[in-house]
Amino acid sequence: MEIKKKLIMSFKTLSGKKISISVDDPRENLTESEKKTAMTTILSKNIFKVNGEDLDSLVEAKVVETGTTEYDLVL
């Protein structure tokens, strides 16, 4: 089984819409402080806009793991 990890960083826009930015294969020893610092930098530097709208606040950060099992269906 192949396991993949993603760091999901969620923000709210000025109108209250929740959006997420994901990073594949985050570093294993990534600290809470580093996650918050990265998200705060994204917010303060106004790096991303969603449909022309600025991000307004931090919502959450989480690491999501997904497992994929492939099956050989050749008979």
# chains A, B, ... in the order shown; residues from 1 in each chain; ligands from 1

$ select_by_dssp --residues "chain A" --states "alpha helix (DSSP H)" --output "VMD selection string"
chain A and resid 32 to 44

$ closest_residue --among "A:Lys45, A:Asp56, A:Ile8, A:Leu73" --to "Ser20 in chain A" --atoms "only C-alpha atoms"
A:Ile8

$ residues_around --residues "Ile21 in chain A" --least-positions-apart "2" --cutoff "12 Å" --atoms "only C-alpha atoms" --output "ChimeraX atom specification"
/A:6-12,18-19,23-24,38-39,42-43,47-50,55,58-63

$ select_by_dssp --residues "range 7-74 of chain A" --states "strand (DSSP E or B)" --output "VMD selection string"
chain A and resid 7 to 13 18 to 24 49 to 50 53 to 68

$ write_last_selection --atoms "N, CA and C atoms" --output "JSON list (two decimals), in the first residue's frame"
[["chain", "number", "residue", "atom", "x", "y", "z"],
["A", 7, "LEU", "N", -0.12, 18.37, 3.63],
["A", 7, "LEU", "CA", -0.42, 19.40, 4.62],
["A", 7, "LEU", "C", -1.53, 20.25, 4.03],
["A", 8, "ILE", "N", -2.64, 20.34, 4.74],
["A", 8, "ILE", "CA", -3.78, 21.14, 4.30],
["A", 8, "ILE", "C", -3.86, 22.37, 5.20],
["A", 9, "MET", "N", -3.74, 23.56, 4.60],
["A", 9, "MET", "CA", -3.84, 24.81, 5.35],
["A", 9, "MET", "C", -5.13, 25.50, 4.92],
["A", 10, "SER", "N", -6.01, 25.78, 5.87],
["A", 10, "SER", "CA", -7.30, 26.36, 5.56],
["A", 10, "SER", "C", -7.39, 27.79, 6.07],
["A", 11, "PHE", "N", -8.02, 28.64, 5.24],
["A", 11, "PHE", "CA", -8.19, 30.06, 5.52],
["A", 11, "PHE", "C", -9.63, 30.44, 5.25],
["A", 12, "LYS", "N", -10.04, 31.61, 5.74],
["A", 12, "LYS", "CA", -11.33, 32.20, 5.36],
["A", 12, "LYS", "C", -11.05, 33.46, 4.57],
["A", 13, "THR", "N", -11.90, 33.71, 3.58],
["A", 13, "THR", "CA", -11.80, 34.93, 2.80],
["A", 13, "THR", "C", -12.58, 36.04, 3.51],
["A", 18, "LYS", "N", -14.49, 29.43, 3.06],
["A", 18, "LYS", "CA", -13.31, 28.66, 3.49],
["A", 18, "LYS", "C", -12.59, 28.12, 2.26],
["A", 19, "ILE", "N", -11.28, 28.33, 2.20],
["A", 19, "ILE", "CA", -10.47, 27.79, 1.11],
["A", 19, "ILE", "C", -9.27, 27.07, 1.73],
["A", 20, "SER", "N", -8.74, 26.12, 0.98],
["A", 20, "SER", "CA", -7.60, 25.35, 1.47],
["A", 20, "SER", "C", -6.48, 25.34, 0.45],
["A", 21, "ILE", "N", -5.26, 25.34, 0.96],
["A", 21, "ILE", "CA", -4.05, 25.22, 0.16],
["A", 21, "ILE", "C", -3.35, 23.96, 0.65],
["A", 22, "SER", "N", -2.94, 23.09, -0.29],
["A", 22, "SER", "CA", -2.29, 21.86, 0.14],
["A", 22, "SER", "C", -0.85, 21.79, -0.36],
["A", 23, "VAL", "N", -0.03, 21.13, 0.45],
["A", 23, "VAL", "CA", 1.38, 20.92, 0.13],
["A", 23, "VAL", "C", 1.63, 19.41, 0.21],
["A", 24, "ASP", "N", 2.07, 18.82, -0.89],
["A", 24, "ASP", "CA", 2.38, 17.39, -0.91],
["A", 24, "ASP", "C", 3.64, 17.08, -0.13],
["A", 49, "LYS", "N", -5.11, 35.21, -3.80],
["A", 49, "LYS", "CA", -6.46, 35.77, -3.85],
["A", 49, "LYS", "C", -7.36, 34.68, -4.41],
["A", 50, "VAL", "N", -8.58, 34.61, -3.90],
["A", 50, "VAL", "CA", -9.55, 33.64, -4.37],
["A", 50, "VAL", "C", -10.65, 34.41, -5.10],
["A", 53, "GLU", "N", -10.57, 37.90, -4.27],
["A", 53, "GLU", "CA", -10.85, 38.23, -2.86],
["A", 53, "GLU", "C", -9.67, 37.86, -1.98],
["A", 54, "ASP", "N", -9.34, 38.75, -1.04],
["A", 54, "ASP", "CA", -8.23, 38.50, -0.11],
["A", 54, "ASP", "C", -8.60, 37.46, 0.94],
["A", 55, "LEU", "N", -7.57, 36.79, 1.44],
["A", 55, "LEU", "CA", -7.74, 35.91, 2.60],
["A", 55, "LEU", "C", -7.83, 36.78, 3.83],
["A", 56, "ASP", "N", -8.62, 36.36, 4.81],
["A", 56, "ASP", "CA", -8.87, 37.19, 5.98],
["A", 56, "ASP", "C", -8.38, 36.60, 7.29],
["A", 57, "SER", "N", -8.48, 35.25, 7.43],
["A", 57, "SER", "CA", -8.09, 34.66, 8.71],
["A", 57, "SER", "C", -7.68, 33.21, 8.54],
["A", 58, "LEU", "N", -6.95, 32.73, 9.56],
["A", 58, "LEU", "CA", -6.52, 31.34, 9.60],
["A", 58, "LEU", "C", -7.67, 30.49, 10.16],
["A", 59, "VAL", "N", -7.83, 29.28, 9.63],
["A", 59, "VAL", "CA", -8.86, 28.38, 10.14],
["A", 59, "VAL", "C", -8.21, 27.18, 10.81],
["A", 60, "GLU", "N", -7.42, 26.41, 10.04],
["A", 60, "GLU", "CA", -6.78, 25.22, 10.60],
["A", 60, "GLU", "C", -5.66, 24.74, 9.70],
["A", 61, "ALA", "N", -4.82, 23.89, 10.27],
["A", 61, "ALA", "CA", -3.79, 23.19, 9.50],
["A", 61, "ALA", "C", -3.83, 21.73, 9.96],
["A", 62, "LYS", "N", -3.73, 20.83, 8.99],
["A", 62, "LYS", "CA", -3.74, 19.41, 9.34],
["A", 62, "LYS", "C", -2.96, 18.64, 8.29],
["A", 63, "VAL", "N", -2.42, 17.50, 8.72],
["A", 63, "VAL", "CA", -1.75, 16.59, 7.80],
["A", 63, "VAL", "C", -2.71, 15.43, 7.55],
["A", 64, "VAL", "N", -2.97, 15.18, 6.27],
["A", 64, "VAL", "CA", -3.89, 14.11, 5.87],
["A", 64, "VAL", "C", -3.08, 13.02, 5.20],
["A", 65, "GLU", "N", -3.29, 11.79, 5.64],
["A", 65, "GLU", "CA", -2.63, 10.63, 5.04],
["A", 65, "GLU", "C", -3.67, 9.82, 4.27],
["A", 66, "THR", "N", -3.30, 9.43, 3.05],
["A", 66, "THR", "CA", -4.18, 8.57, 2.27],
["A", 66, "THR", "C", -3.41, 7.34, 1.84],
["A", 67, "GLY", "N", -4.07, 6.22, 1.87],
["A", 67, "GLY", "CA", -3.45, 4.97, 1.44],
["A", 67, "GLY", "C", -4.11, 4.47, 0.17],
["A", 68, "THR", "N", -3.29, 4.01, -0.75],
["A", 68, "THR", "CA", -3.79, 3.48, -2.02],
["A", 68, "THR", "C", -3.29, 2.07, -2.20]]
